[in-house]
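Enquirer: Just so it is clear, I am handing over work_7.csv, which has CSV, C-alpha atoms.
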```
chain,number,residue,atom,x,y,z
A,25,ASP,CA,32.2,-1.6,17.2
A,26,THR,CA,28.5,-2.2,16.8
A,27,ALA,CA,26.6,1.1,17.1
A,28,VAL,CA,23.2,-0.4,18.1
A,29,SER,CA,23.2,-3.9,19.5
A,30,GLN,CA,20.4,-6.2,20.5
A,31,THR,CA,20.3,-9.4,22.4
A,32,PRO,CA,19.3,-12.1,21.8
A,33,LYS,CA,19.3,-12.3,18.0
A,34,TYR,CA,16.8,-15.2,18.0
A,35,LEU,CA,14.3,-16.0,20.7
A,36,VAL,CA,12.0,-19.1,20.5
A,37,THR,CA,9.5,-19.5,23.4
A,38,GLN,CA,6.2,-21.0,24.3
A,39,MET,CA,2.9,-19.1,24.5
A,40,GLY,CA,2.3,-17.6,27.9
A,41,ASN,CA,6.0,-17.1,28.8
A,42,ASP,CA,7.6,-13.8,29.7
A,43,LYS,CA,10.7,-12.7,27.8
A,44,SER,CA,12.9,-9.7,27.5
A,45,ILE,CA,14.9,-8.2,24.7
A,46,LYS,CA,17.8,-5.9,25.4
A,47,CYS,CA,19.2,-3.0,23.4
A,48,GLU,CA,22.3,-0.9,23.8
A,49,GLN,CA,23.7,2.0,21.7
A,50,ASN,CA,27.2,3.4,21.9
A,51,LEU,CA,26.5,6.5,19.8
A,52,GLY,CA,25.8,8.9,22.6
A,53,HIS,CA,22.3,9.4,21.3
A,54,ASP,CA,19.5,10.8,23.4
A,55,THR,CA,16.6,8.9,21.8
A,56,MET,CA,15.9,5.2,21.4
A,57,TYR,CA,13.0,3.4,19.8
A,58,TRP,CA,11.4,-0.1,19.5
A,59,TYR,CA,9.9,-1.2,16.2
A,60,LYS,CA,8.0,-4.3,15.3
A,61,GLN,CA,8.3,-5.8,11.8
A,62,ASP,CA,5.5,-8.4,11.1
A,63,SER,CA,5.4,-11.3,8.7
A,64,LYS,CA,4.3,-8.9,5.9
A,65,LYS,CA,7.4,-6.8,6.5
A,66,PHE,CA,5.5,-3.8,7.8
A,67,LEU,CA,7.7,-1.9,10.2
A,68,LYS,CA,5.8,0.0,12.9
A,69,ILE,CA,6.9,2.0,15.8
A,70,MET,CA,6.0,0.8,19.3
A,71,PHE,CA,7.8,3.1,21.8
A,72,SER,CA,10.3,5.9,21.9
A,73,TYR,CA,12.3,7.2,24.8
A,74,ASN,CA,14.2,10.5,25.0
A,75,ASN,CA,16.6,10.9,27.9
A,76,LYS,CA,14.9,8.0,29.6
A,77,GLU,CA,11.5,9.6,29.3
A,78,LEU,CA,8.7,7.9,27.3
A,79,ILE,CA,7.7,10.2,24.4
A,80,ILE,CA,6.0,7.8,22.0
A,81,ASN,CA,3.7,5.0,23.1
A,82,GLU,CA,1.7,3.6,20.2
A,83,THR,CA,-1.4,1.4,20.6
A,84,VAL,CA,0.6,-1.5,22.0
A,85,PRO,CA,-0.9,-4.1,24.4
A,86,ASN,CA,0.2,-3.4,27.9
A,87,ARG,CA,1.8,-6.8,28.0
A,88,PHE,CA,4.7,-4.9,26.4
A,89,SER,CA,6.7,-2.8,28.8
A,90,PRO,CA,9.8,-0.8,27.8
A,91,LYS,CA,12.3,0.2,30.4
A,92,SER,CA,15.2,2.6,29.9
A,93,PRO,CA,17.7,2.4,32.8
A,94,ASP,CA,19.9,5.0,31.1
A,95,LYS,CA,20.2,6.9,27.8
A,96,ALA,CA,22.3,4.1,26.3
A,97,HIS,CA,19.9,1.2,27.0
A,98,LEU,CA,16.3,0.5,26.2
A,99,ASN,CA,14.9,-2.9,27.1
A,100,LEU,CA,11.6,-4.5,26.1
A,101,HIS,CA,9.8,-6.9,28.4
A,102,ILE,CA,6.9,-8.9,27.1
A,103,ASN,CA,4.5,-10.7,29.4
A,104,SER,CA,2.2,-13.6,28.6
A,105,LEU,CA,3.5,-14.1,25.1
A,106,GLU,CA,0.9,-14.8,22.3
A,107,LEU,CA,1.3,-16.3,18.9
A,108,GLY,CA,0.7,-12.9,17.3
A,109,ASP,CA,3.7,-11.5,19.0
A,110,SER,CA,5.9,-13.5,16.6
A,111,ALA,CA,7.9,-10.9,14.6
A,112,VAL,CA,11.2,-9.2,14.3
A,113,TYR,CA,11.8,-6.5,16.8
A,114,PHE,CA,14.2,-3.7,16.0
A,115,CYS,CA,15.8,-1.2,18.3
A,116,ALA,CA,17.0,2.2,16.9
A,117,SER,CA,18.5,5.4,18.2
A,118,SER,CA,18.9,9.0,17.0
A,119,GLN,CA,20.5,12.1,18.4
A,120,GLY,CA,17.2,13.9,19.0
A,121,ALA,CA,13.5,13.0,19.1
A,122,SER,CA,12.1,12.0,15.8
A,123,GLY,CA,9.5,14.7,15.5
A,124,GLY,CA,10.8,17.8,13.9
A,125,ASN,CA,14.5,17.1,13.6
A,126,THR,CA,16.7,15.9,10.8
A,127,ASP,CA,18.6,13.2,12.6
A,128,THR,CA,18.9,9.8,11.1
A,129,GLN,CA,17.8,6.8,13.0
A,130,TYR,CA,20.4,4.0,13.4
A,131,PHE,CA,18.9,0.5,13.6
A,132,GLY,CA,20.1,-2.6,15.4
A,133,PRO,CA,20.2,-6.0,13.7
A,134,GLY,CA,16.8,-7.1,15.0
A,135,THR,CA,15.6,-9.9,17.3
A,136,ARG,CA,13.5,-12.6,15.7
A,137,LEU,CA,10.9,-13.7,18.2
A,138,THR,CA,9.0,-16.9,17.5
A,139,VAL,CA,6.2,-17.9,19.8
A,140,LEU,CA,5.1,-21.5,19.6
B,19,LYS,CA,-3.2,8.6,10.2
B,20,GLN,CA,-0.3,8.6,7.8
B,21,GLU,CA,-0.3,5.8,5.2
B,22,VAL,CA,2.8,5.1,3.1
B,23,THR,CA,2.7,3.1,-0.1
B,24,GLN,CA,5.6,1.8,-2.1
B,25,ILE,CA,5.3,0.7,-5.7
B,26,PRO,CA,6.4,-1.7,-7.1
B,27,ALA,CA,6.6,-4.3,-4.4
B,28,ALA,CA,9.3,-6.1,-6.3
B,29,LEU,CA,11.7,-5.3,-9.1
B,30,SER,CA,14.2,-7.3,-11.1
B,31,VAL,CA,16.6,-5.7,-13.5
B,32,PRO,CA,19.8,-6.6,-15.3
B,33,GLU,CA,23.0,-5.0,-14.0
B,34,GLY,CA,23.6,-1.5,-15.3
B,35,GLU,CA,20.0,-0.5,-15.6
B,36,ASN,CA,18.7,2.5,-13.6
B,37,LEU,CA,16.3,1.8,-10.8
B,38,VAL,CA,13.2,4.0,-10.0
B,39,LEU,CA,11.4,3.3,-6.7
B,40,ASN,CA,8.2,5.1,-5.8
B,41,CYS,CA,6.8,6.1,-2.5
B,42,SER,CA,3.6,8.0,-1.7
B,43,PHE,CA,2.2,9.3,1.6
B,44,THR,CA,-1.2,10.6,2.5
B,45,ASP,CA,-0.4,13.4,4.9
B,46,SER,CA,1.9,16.1,3.5
B,47,ALA,CA,2.5,17.6,7.0
B,48,ILE,CA,5.9,15.9,7.4
B,49,TYR,CA,9.2,17.1,8.7
B,50,ASN,CA,11.2,14.9,6.4
B,51,LEU,CA,11.1,11.7,4.2
B,52,GLN,CA,13.7,9.0,4.7
B,53,TRP,CA,14.9,6.1,2.5
B,54,PHE,CA,16.4,3.0,4.1
B,55,ARG,CA,17.9,-0.2,2.8
B,56,GLN,CA,17.3,-3.5,4.5
B,57,ASP,CA,19.3,-6.6,3.7
B,58,PRO,CA,17.9,-10.1,4.5
B,59,GLY,CA,18.3,-10.8,8.2
B,60,LYS,CA,19.8,-7.4,8.9
B,61,GLY,CA,18.7,-4.1,10.3
B,62,LEU,CA,18.0,-1.0,8.3
B,63,THR,CA,20.6,1.3,6.9
B,64,SER,CA,19.8,4.9,6.3
B,65,LEU,CA,20.4,6.0,2.7
B,66,LEU,CA,19.0,9.5,2.3
B,67,LEU,CA,17.0,12.0,4.3
B,68,ILE,CA,15.1,14.8,2.5
B,69,GLN,CA,13.9,17.6,4.7
B,70,SER,CA,10.4,19.0,4.0
B,71,SER,CA,11.9,22.2,2.6
B,72,GLN,CA,14.1,20.3,0.1
B,73,ARG,CA,13.2,19.0,-3.3
B,74,GLU,CA,16.0,16.4,-3.6
B,75,GLN,CA,19.0,14.8,-2.0
B,76,THR,CA,21.9,13.0,-3.6
B,77,SER,CA,24.5,10.5,-2.4
B,78,GLY,CA,26.8,8.9,-4.9
B,79,ARG,CA,24.6,6.9,-7.3
B,80,LEU,CA,21.5,7.6,-5.3
B,81,ASN,CA,19.1,10.5,-5.8
B,82,ALA,CA,15.9,11.0,-4.0
B,83,SER,CA,13.3,13.6,-4.9
B,84,LEU,CA,10.4,14.9,-2.7
B,85,ASP,CA,7.2,16.5,-3.8
B,86,LYS,CA,5.4,17.2,-0.5
B,87,SER,CA,2.3,18.8,-2.1
B,88,SER,CA,1.5,15.7,-4.0
B,89,GLY,CA,2.7,13.3,-1.3
B,90,ARG,CA,5.4,11.6,-3.4
B,91,SER,CA,9.0,10.7,-3.2
B,92,THR,CA,11.1,8.8,-5.8
B,93,LEU,CA,14.5,7.1,-5.2
B,94,TYR,CA,16.7,6.8,-8.3
B,95,ILE,CA,19.6,4.4,-8.3
B,96,ALA,CA,21.9,4.9,-11.3
B,97,ALA,CA,23.8,2.1,-13.0
B,98,SER,CA,22.6,-0.7,-10.7
B,99,GLN,CA,24.9,-3.4,-9.4
B,100,PRO,CA,24.3,-6.8,-7.9
B,101,GLY,CA,25.3,-5.4,-4.6
B,102,ASP,CA,22.2,-3.1,-4.8
B,103,SER,CA,19.9,-6.1,-4.3
B,104,ALA,CA,18.0,-5.5,-1.1
B,105,THR,CA,14.7,-4.2,0.1
B,106,TYR,CA,14.3,-0.4,0.0
B,107,LEU,CA,12.0,1.2,2.5
B,108,CYS,CA,10.7,4.8,2.6
B,109,ALA,CA,9.4,6.4,5.8
B,110,SER,CA,7.7,9.7,6.3
B,111,ASN,CA,8.4,11.6,9.5
B,112,ASP,CA,5.8,13.7,11.3
B,113,TYR,CA,6.4,13.0,15.0
B,114,LYS,CA,7.3,9.4,14.2
B,115,LEU,CA,8.5,7.4,11.3
B,116,SER,CA,5.7,5.7,9.2
B,117,PHE,CA,7.1,3.1,6.9
B,118,GLY,CA,6.0,1.7,3.6
B,119,ALA,CA,6.1,-2.1,3.0
B,120,GLY,CA,9.2,-1.7,0.8
B,121,THR,CA,10.3,-2.6,-2.7
B,122,THR,CA,12.5,-5.7,-3.0
B,123,VAL,CA,15.1,-5.2,-5.7
B,124,THR,CA,17.1,-7.9,-7.5
B,125,VAL,CA,19.9,-6.9,-9.8
B,126,ARG,CA,20.9,-9.7,-12.1
B,127,ALA,CA,24.6,-10.0,-13.0
```
As structure tokens, please, write out the structure in this file.

Expert:
Amino acid sequence: DTAVSQTPKYLVTQMGNDKSIKCEQNLGHDTMYWYKQDSKKFLKIMFSYNNKELIINETVPNRFSPKSPDKAHLNLHINSLELGDSAVYFCASSQGASGGNTDTQYFGPGTRLTVL
Amino acid sequence: KQEVTQIPAALSVPEGENLVLNCSFTDSAIYNLQWFRQDPGKGLTSLLLIQSSQREQTSGRLNASLDKSSGRSTLYIAASQPGDSATYLCASNDYKLSFGAGTTVTVRA
């Protein structure tokens, strides 16, 4: 059983399109995250949700919109895709919120997005 | 703004050697420091989490130390094996995880 799963694994699309990436966790965790790993391998947090509430929103263009329909799911919708959006996007989850607790984050396998 | 640096960027050693991976961070007001492993095309796997009140944490052949006052953490991997080849990432945790760029390790058989 995969703890944190993402779909799709690969996504190739044209500039200007709108796309979504889905994430599901079966660990019963309260908190989920989206990270972006760029071509230089830097991993940066984008968003975090705790019990479906947005708790971290980094300086991400508003073309990116996360949605959490329930605690087990956190989707990422991207409008008007740009070349610079090409990256690997990772979903993660933890029992509590990242600040102040000792819970480990569990990561999904990543979605490689290529914008042409 | 927290900045995390990992040195060296890459490391190649023969099997059996001990590995020493360094991580430094600029803001010592952290809750914990975490080490992850990333295999090519895969997600991250948590290796060790050191709370801010701890000096070190051990798991099998892995040992991580934390010196919060100087903003440094070191990951030691004893008796390296080819299966240890991967990229190792450290991340400091204030209210969010801030990652270094990683150290890519190759263990030669």

Enquirer: Where does chain A meet chain B within 12 Å, residue by residue, with the nearest atom pair and distance in Å to one decimal for each, counting only C-alpha atoms, listed by chain and rising number, as CSV?

Expert:
```
residue,atom,partner,partner_atom,distance
A:Thr26,CA,B:Gly61,CA,11.9
A:Ala27,CA,B:Gly61,CA,11.6
A:Val28,CA,B:Gly61,CA,9.7
A:Ser29,CA,B:Gly61,CA,10.2
A:Gln30,CA,B:Gly61,CA,10.6
A:Lys33,CA,B:Gly59,CA,10.0
A:Tyr34,CA,B:Gly59,CA,10.8
A:Met56,CA,B:Lys114,CA,12.0
A:Tyr57,CA,B:Lys114,CA,10.0
A:Trp58,CA,B:Leu115,CA,11.5
A:Tyr59,CA,B:Leu115,CA,10.0
A:Lys60,CA,B:Phe117,CA,11.2
A:Gln61,CA,B:Ala119,CA,9.8
A:Asp62,CA,B:Ala119,CA,10.3
A:Ser63,CA,B:Ala119,CA,10.8
A:Lys64,CA,B:Ala119,CA,7.6
A:Lys65,CA,B:Ala119,CA,6.0
A:Phe66,CA,B:Ala119,CA,5.1
A:Leu67,CA,B:Phe117,CA,6.0
A:Lys68,CA,B:Ser116,CA,6.8
A:Ile69,CA,B:Leu115,CA,7.2
A:Met70,CA,B:Lys114,CA,10.1
A:Phe71,CA,B:Lys114,CA,9.9
A:Ser72,CA,B:Lys114,CA,9.0
A:Tyr73,CA,B:Lys114,CA,11.9
A:Ile79,CA,B:Tyr113,CA,9.9
A:Ile80,CA,B:Lys114,CA,8.1
A:Asn81,CA,B:Lys114,CA,10.6
A:Glu82,CA,B:Lys114,CA,10.0
A:Val112,CA,B:Gly59,CA,9.5
A:Tyr113,CA,B:Gly61,CA,9.8
A:Phe114,CA,B:Gly61,CA,7.3
A:Cys115,CA,B:Gly61,CA,9.0
A:Ala116,CA,B:Leu62,CA,9.2
A:Ser117,CA,B:Leu62,CA,11.8
A:Ser118,CA,B:Ser64,CA,11.5
A:Gly120,CA,B:Tyr113,CA,11.6
A:Ala121,CA,B:Tyr113,CA,8.2
A:Ser122,CA,B:Lys114,CA,5.7
A:Gly123,CA,B:Tyr113,CA,3.6
A:Gly124,CA,B:Tyr49,CA,5.5
A:Asn125,CA,B:Tyr49,CA,7.2
A:Thr126,CA,B:Gln69,CA,6.9
A:Asp127,CA,B:Leu67,CA,8.5
A:Thr128,CA,B:Ser64,CA,6.9
A:Gln129,CA,B:Ser64,CA,7.2
A:Tyr130,CA,B:Thr63,CA,7.0
A:Phe131,CA,B:Leu62,CA,5.6
A:Gly132,CA,B:Gly61,CA,5.5
A:Pro133,CA,B:Gly61,CA,4.2
A:Gly134,CA,B:Gly61,CA,5.9
A:Thr135,CA,B:Gly59,CA,9.5
A:Arg136,CA,B:Gly59,CA,9.1
```

Enquirer: Mind giving me the straight-line distance from atom CA of B:Tyr106 to atom CA of B:Val123 in Å, one decimal?

Expert: 7.5 Å

Enquirer: Could you tell me how far atom CA of B:Tyr94 sits from atom CA of B:Gly34, in Å to one decimal place?

Expert: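 Those two atoms sit 12.9 Å apart.
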
Enquirer: Enter the distance from atom CA of A:Ile45 to atom CA of B:Ser110, in Å, rounded to one decimal.

Expert: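 Atom CA of B:Ser110 lies 26.7 Å from atom CA of A:Ile45.
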
Enquirer: Excluding stretch 86-88 of chain B and its own-chain neighbours fewer than 5 positions away, which residues fall within 9 Å of it when counting only C-alpha atoms? Please give them as a list in words.

Expert: Ser42, Phe43, Thr44, Asp45, Ser46, Ala47, Ile48, Ser70, Ser71 and Arg73 of chain B

Enquirer: With distances taken over all atoms listed in the file, which of B:Thr121, B:Asn81, B:Gln99, B:Gln75 is nearest to B:Thr23?

Expert: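 Selected residue with least distance to B:Thr23: B:Thr121.
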